[in-house]
Amino acid sequence: MMTTRRGDSARNRWVGRPAGLAAVAALTLLAAGCSGGGHSTSQASAAARTGAGTTSGSGAAKAAPRVTITPANGAKDVDPSAGIIVTAANGTLTNVTVRTAGDAVSGSMSQGGTVWRSQWALDVSQAYTVTAMASGHGGTVTVTSAFRTLTPSRTFTTEILEGYHQSYGVGMPIILYFSQRITDKAAVERALELTTSTPVVGAWYWDDPCNMAPTCVYFRPRDYWPSGTTVSFTGHLNGVQGAPGMYGAHTLTQTFDIGPSVIAIGNTRTHRTQIYFNGKLRYDWPISSGRPGDDTPNGSYLTIEKANPVQMTGPGYSISVPWSVRFTFSGDYYHDAYWSVGQQGFENVSHGCVNLSPADAETYYNLAVPGDPITITGSPKGGTWGNGWTQWFLSWTQYLAGSALHQAVQAGPGGSTFVNPATLPPSTASAPLETAPAANDAA
């Protein structure tokens, strides 16, 4: 059966907010690694000053180290997307400390210890003080640079669909909504970080425009998420320039969980659906799908929302339907159809939904969470991209083509990195229980 209600109500948004407390990033950079610790900075003599900051030093027999901090001391309206760069000549950096009331600043040192770069964009409208120390044969030098980033005339905000510590199915994509159109997608994509309790390979895919916003981006693993994975997302978007003159104004974070694997496979020709739980067949039920002209479309969909009951309205009917689990925005459900039990297993008589007996519908309803895969096969009608969470309509190669960087993401307990897809080992996942079938949306 079909309903005129749309799926927008299923999108349970969560909005990230900027950190409200002062943060201090203090990195002491040694040859063997990093350890925290800030320090005060003394005033420099005129002979030891550089053009970028205030310097204090010792050692006159040989050239003293030179430290340059960019942005320079006293700079205003600094582009936050450029970050911080600290360089040393005639010596190596031994300590870089960044103090700010905004988001903490992390960074990395070059192998030779002569260049330090911040990892993410700086916050907009924020003051920073950078103190750097370098040592060499000519002594030790300390330089300080204090500056302020610009206040942009235009900003964008970002929302994530997933809720805090909510449980989702193994097919669930991370869905981000942007309040403005993003034109520098590569810059934004670089600012997106994942930490997963189980190693995962995936990619970002841009959708512009999408159903709910001027621009969306979705992360999908190459194959279904491993059950039991905890996913933490951080969008380091504060200070990222998403379009000329338009910057992100907040950092977005969220943590959610992947629950058990619950996968439905419905065949419109055999009039049956199988329900697999954690890789094993648990149920094999008779169904009735869309009648000719109202055919249930092929495709690997995801459950969006559920309700008991749902008021379904269409040509010639308006009925309250129990145990309803939605998988398209246009109104296709797995649901209780007590009126068609005699046709289930033999004939397709619905208005597009998958009809189940009352007992079977209640059982599936109690298992389902958003993001559980539902694959429909055997239909003469192909699925439509965007009619539901249809990220699994695309092959891995097609999905990679939607990344602004055209790179894959390797995520694990230590965070995520972008990698050349050609360097990844091939997938060993098998369809339909570990990944979606190929060309699954075709008629």
# chains A, B, ... in the order shown; residues from 1 in each chain; ligands from 1
>>> residues_around(residues="range 313-324 of chain A", least_positions_apart="3", cutoff="8 Å", atoms="only C-alpha atoms", output="JSON, numbers by chain")
{"A": [2, 3, 4, 306, 307, 308, 309, 310, 333, 334, 335, 336, 337, 358, 361, 362, 365]}
>>> select_by_dssp(residues="range 118-315 of chain A", states="helix (DSSP H, G or I)", output="ChimeraX atom specification")
/A:185-190
>>> closest_atom_pairs(of="range 252-309 of chain A", to="range 161-170 of chain A", cutoff="6 Å", atoms="only C-alpha atoms", output="CSV")
residue,atom,partner,partner_atom,distance
A:Thr255,CA,A:Tyr164,CA,5.5
A:Phe256,CA,A:His165,CA,4.1
A:Asp257,CA,A:Ser167,CA,4.8
A:Ile258,CA,A:Tyr168,CA,5.0
A:Gly259,CA,A:Ser167,CA,5.6
A:Ser261,CA,A:Val170,CA,5.7
>>> write_last_selection(atoms="N, CA and C atoms", output="mmCIF file, in the first residue's frame")
data_model
loop_
_atom_site.group_PDB
_atom_site.id
_atom_site.type_symbol
_atom_site.label_atom_id
_atom_site.label_comp_id
_atom_site.auth_asym_id
_atom_site.auth_seq_id
_atom_site.Cartn_x
_atom_site.Cartn_y
_atom_site.Cartn_z
ATOM 1 N N THR A 255 28.295 10.491 17.950
ATOM 2 C CA THR A 255 28.655 9.081 18.140
ATOM 3 C C THR A 255 27.380 8.254 18.090
ATOM 4 N N PHE A 256 27.424 7.169 17.316
ATOM 5 C CA PHE A 256 26.268 6.274 17.231
ATOM 6 C C PHE A 256 26.764 4.842 17.082
ATOM 7 N N ASP A 257 25.836 3.898 17.118
ATOM 8 C CA ASP A 257 26.190 2.479 17.125
ATOM 9 C C ASP A 257 25.498 1.732 15.986
ATOM 10 N N ILE A 258 26.162 0.691 15.536
ATOM 11 C CA ILE A 258 25.585 -0.226 14.545
ATOM 12 C C ILE A 258 25.117 -1.472 15.286
ATOM 13 N N GLY A 259 23.855 -1.795 15.118
ATOM 14 C CA GLY A 259 23.264 -2.925 15.832
ATOM 15 C C GLY A 259 23.437 -4.239 15.094
ATOM 16 N N SER A 261 22.801 -7.302 12.434
ATOM 17 C CA SER A 261 22.473 -7.329 11.015
ATOM 18 C C SER A 261 21.072 -7.914 10.819
#
>>> residues_around(residues="Leu400 in chain A", least_positions_apart="5", cutoff="8 Å", atoms="only C-alpha atoms", output="VMD selection string")
chain A and resid 203 to 205 406 to 408
>>> write_last_selection(atoms="all heavy atoms", output="PDB file, in the first residue's frame")
ATOM      1  N   ALA A 203      33.604   5.559   1.714  1.00  0.00           N
ATOM      2  CA  ALA A 203      33.837   6.761   0.913  1.00  0.00           C
ATOM      3  C   ALA A 203      32.698   7.744   1.142  1.00  0.00           C
ATOM      4  O   ALA A 203      31.598   7.369   1.573  1.00  0.00           O
ATOM      5  CB  ALA A 203      33.948   6.420  -0.576  1.00  0.00           C
ATOM      6  N   TRP A 204      32.979   9.020   0.836  1.00  0.00           N
ATOM      7  CA  TRP A 204      31.977  10.079   0.858  1.00  0.00           C
ATOM      8  C   TRP A 204      31.401  10.275  -0.538  1.00  0.00           C
ATOM      9  O   TRP A 204      32.097  10.103  -1.530  1.00  0.00           O
ATOM     10  CB  TRP A 204      32.583  11.389   1.354  1.00  0.00           C
ATOM     11  CG  TRP A 204      32.988  11.349   2.794  1.00  0.00           C
ATOM     12  CD1 TRP A 204      34.237  11.101   3.284  1.00  0.00           C
ATOM     13  CD2 TRP A 204      32.137  11.535   3.928  1.00  0.00           C
ATOM     14  NE1 TRP A 204      34.220  11.129   4.662  1.00  0.00           N
ATOM     15  CE2 TRP A 204      32.948  11.403   5.090  1.00  0.00           C
ATOM     16  CE3 TRP A 204      30.776  11.823   4.079  1.00  0.00           C
ATOM     17  CZ2 TRP A 204      32.428  11.535   6.373  1.00  0.00           C
ATOM     18  CZ3 TRP A 204      30.264  11.961   5.358  1.00  0.00           C
ATOM     19  CH2 TRP A 204      31.076  11.810   6.498  1.00  0.00           C
ATOM     20  N   TYR A 205      30.119  10.630  -0.580  1.00  0.00           N
ATOM     21  CA  TYR A 205      29.425  10.835  -1.858  1.00  0.00           C
ATOM     22  C   TYR A 205      28.606  12.114  -1.748  1.00  0.00           C
ATOM     23  O   TYR A 205      27.774  12.264  -0.842  1.00  0.00           O
ATOM     24  CB  TYR A 205      28.510   9.643  -2.162  1.00  0.00           C
ATOM     25  CG  TYR A 205      27.837   9.699  -3.508  1.00  0.00           C
ATOM     26  CD1 TYR A 205      28.393   9.063  -4.618  1.00  0.00           C
ATOM     27  CD2 TYR A 205      26.636  10.386  -3.679  1.00  0.00           C
ATOM     28  CE1 TYR A 205      27.773   9.101  -5.859  1.00  0.00           C
ATOM     29  CE2 TYR A 205      26.016  10.448  -4.917  1.00  0.00           C
ATOM     30  CZ  TYR A 205      26.591   9.793  -5.995  1.00  0.00           C
ATOM     31  OH  TYR A 205      25.975   9.852  -7.227  1.00  0.00           O
ATOM     32  N   HIS A 406      37.901  11.736  -4.816  1.00  0.00           N
ATOM     33  CA  HIS A 406      38.021  10.451  -5.520  1.00  0.00           C
ATOM     34  C   HIS A 406      38.929   9.500  -4.752  1.00  0.00           C
ATOM     35  O   HIS A 406      39.699   8.736  -5.345  1.00  0.00           O
ATOM     36  CB  HIS A 406      38.520  10.649  -6.955  1.00  0.00           C
ATOM     37  CG  HIS A 406      37.628  11.522  -7.770  1.00  0.00           C
ATOM     38  ND1 HIS A 406      36.322  11.179  -8.082  1.00  0.00           N
ATOM     39  CD2 HIS A 406      37.825  12.744  -8.322  1.00  0.00           C
ATOM     40  CE1 HIS A 406      35.767  12.140  -8.802  1.00  0.00           C
ATOM     41  NE2 HIS A 406      36.653  13.106  -8.949  1.00  0.00           N
ATOM     42  N   GLN A 407      38.812   9.565  -3.435  1.00  0.00           N
ATOM     43  CA  GLN A 407      39.607   8.703  -2.579  1.00  0.00           C
ATOM     44  C   GLN A 407      38.702   7.922  -1.636  1.00  0.00           C
ATOM     45  O   GLN A 407      37.579   8.339  -1.333  1.00  0.00           O
ATOM     46  CB  GLN A 407      40.617   9.517  -1.771  1.00  0.00           C
ATOM     47  CG  GLN A 407      41.743  10.112  -2.604  1.00  0.00           C
ATOM     48  CD  GLN A 407      42.823  10.732  -1.740  1.00  0.00           C
ATOM     49  OE1 GLN A 407      42.541  11.474  -0.812  1.00  0.00           O
ATOM     50  NE2 GLN A 407      44.066  10.425  -2.040  1.00  0.00           N
ATOM     51  N   ALA A 408      39.215   6.782  -1.183  1.00  0.00           N
ATOM     52  CA  ALA A 408      38.519   5.998  -0.178  1.00  0.00           C
ATOM     53  C   ALA A 408      38.921   6.479   1.207  1.00  0.00           C
ATOM     54  O   ALA A 408      39.890   7.219   1.375  1.00  0.00           O
ATOM     55  CB  ALA A 408      38.844   4.520  -0.351  1.00  0.00           C
TER      56      ALA A 408
END
>>> residues_around(residues="range 411-428 of chain A", least_positions_apart="5", cutoff="9 Å", atoms="only C-alpha atoms", output="VMD selection string")
chain A and resid 190 192 to 203 222 to 223 232 400 405 to 406
>>> atom_distance(atom1="CA of Arg291 in chain A", atom2="CA of Phe277 in chain A")
28.6 Å
>>> select_by_dssp(residues="range 64-226 of chain A", states="strand (DSSP E)", output="number ranges by chain")
A: 66-70, 85-89, 92-100, 107-109, 115-118, 127-136, 139-148, 154-156, 158-160, 167-168, 174-178, 192-196, 200-207, 215-221
>>> atom_distance(atom1="CA of Ala127 in chain A", atom2="CA of Thr158 in chain A")
23.3 Å
>>> residues_around(residues="range 66-76 of chain A", least_positions_apart="3", cutoff="7 Å", atoms="only C-alpha atoms", output="ChimeraX atom specification")
/A:50,52-53,84-90,134,143,145-150
>>> residues_around(residues="range 110-113 of chain A", least_positions_apart="3", cutoff="7 Å", atoms="only C-alpha atoms", output="ChimeraX atom specification")
/A:92-93,116
>>> write_last_selection(atoms="C-alpha atoms", output="mmCIF file, in the first residue's frame")
data_model
loop_
_atom_site.group_PDB
_atom_site.id
_atom_site.type_symbol
_atom_site.label_atom_id
_atom_site.label_comp_id
_atom_site.auth_asym_id
_atom_site.auth_seq_id
_atom_site.Cartn_x
_atom_site.Cartn_y
_atom_site.Cartn_z
ATOM 1 C CA THR A 92 64.932 22.191 14.808
ATOM 2 C CA LEU A 93 61.642 22.853 16.522
ATOM 3 C CA TRP A 116 55.041 22.202 12.027
#
>>> residues_around(residues="Thr377 in chain A", least_positions_apart="6", cutoff="8 Å", atoms="only C-alpha atoms", output="PyMOL selection string")
chain A and resi 265-268+297-299+440
>>> closest_residue(among="A:Ile287, A:Ala132, A:Ile263, A:Val217", to="Ile374 in chain A", atoms="only C-alpha atoms")
A:Ile263
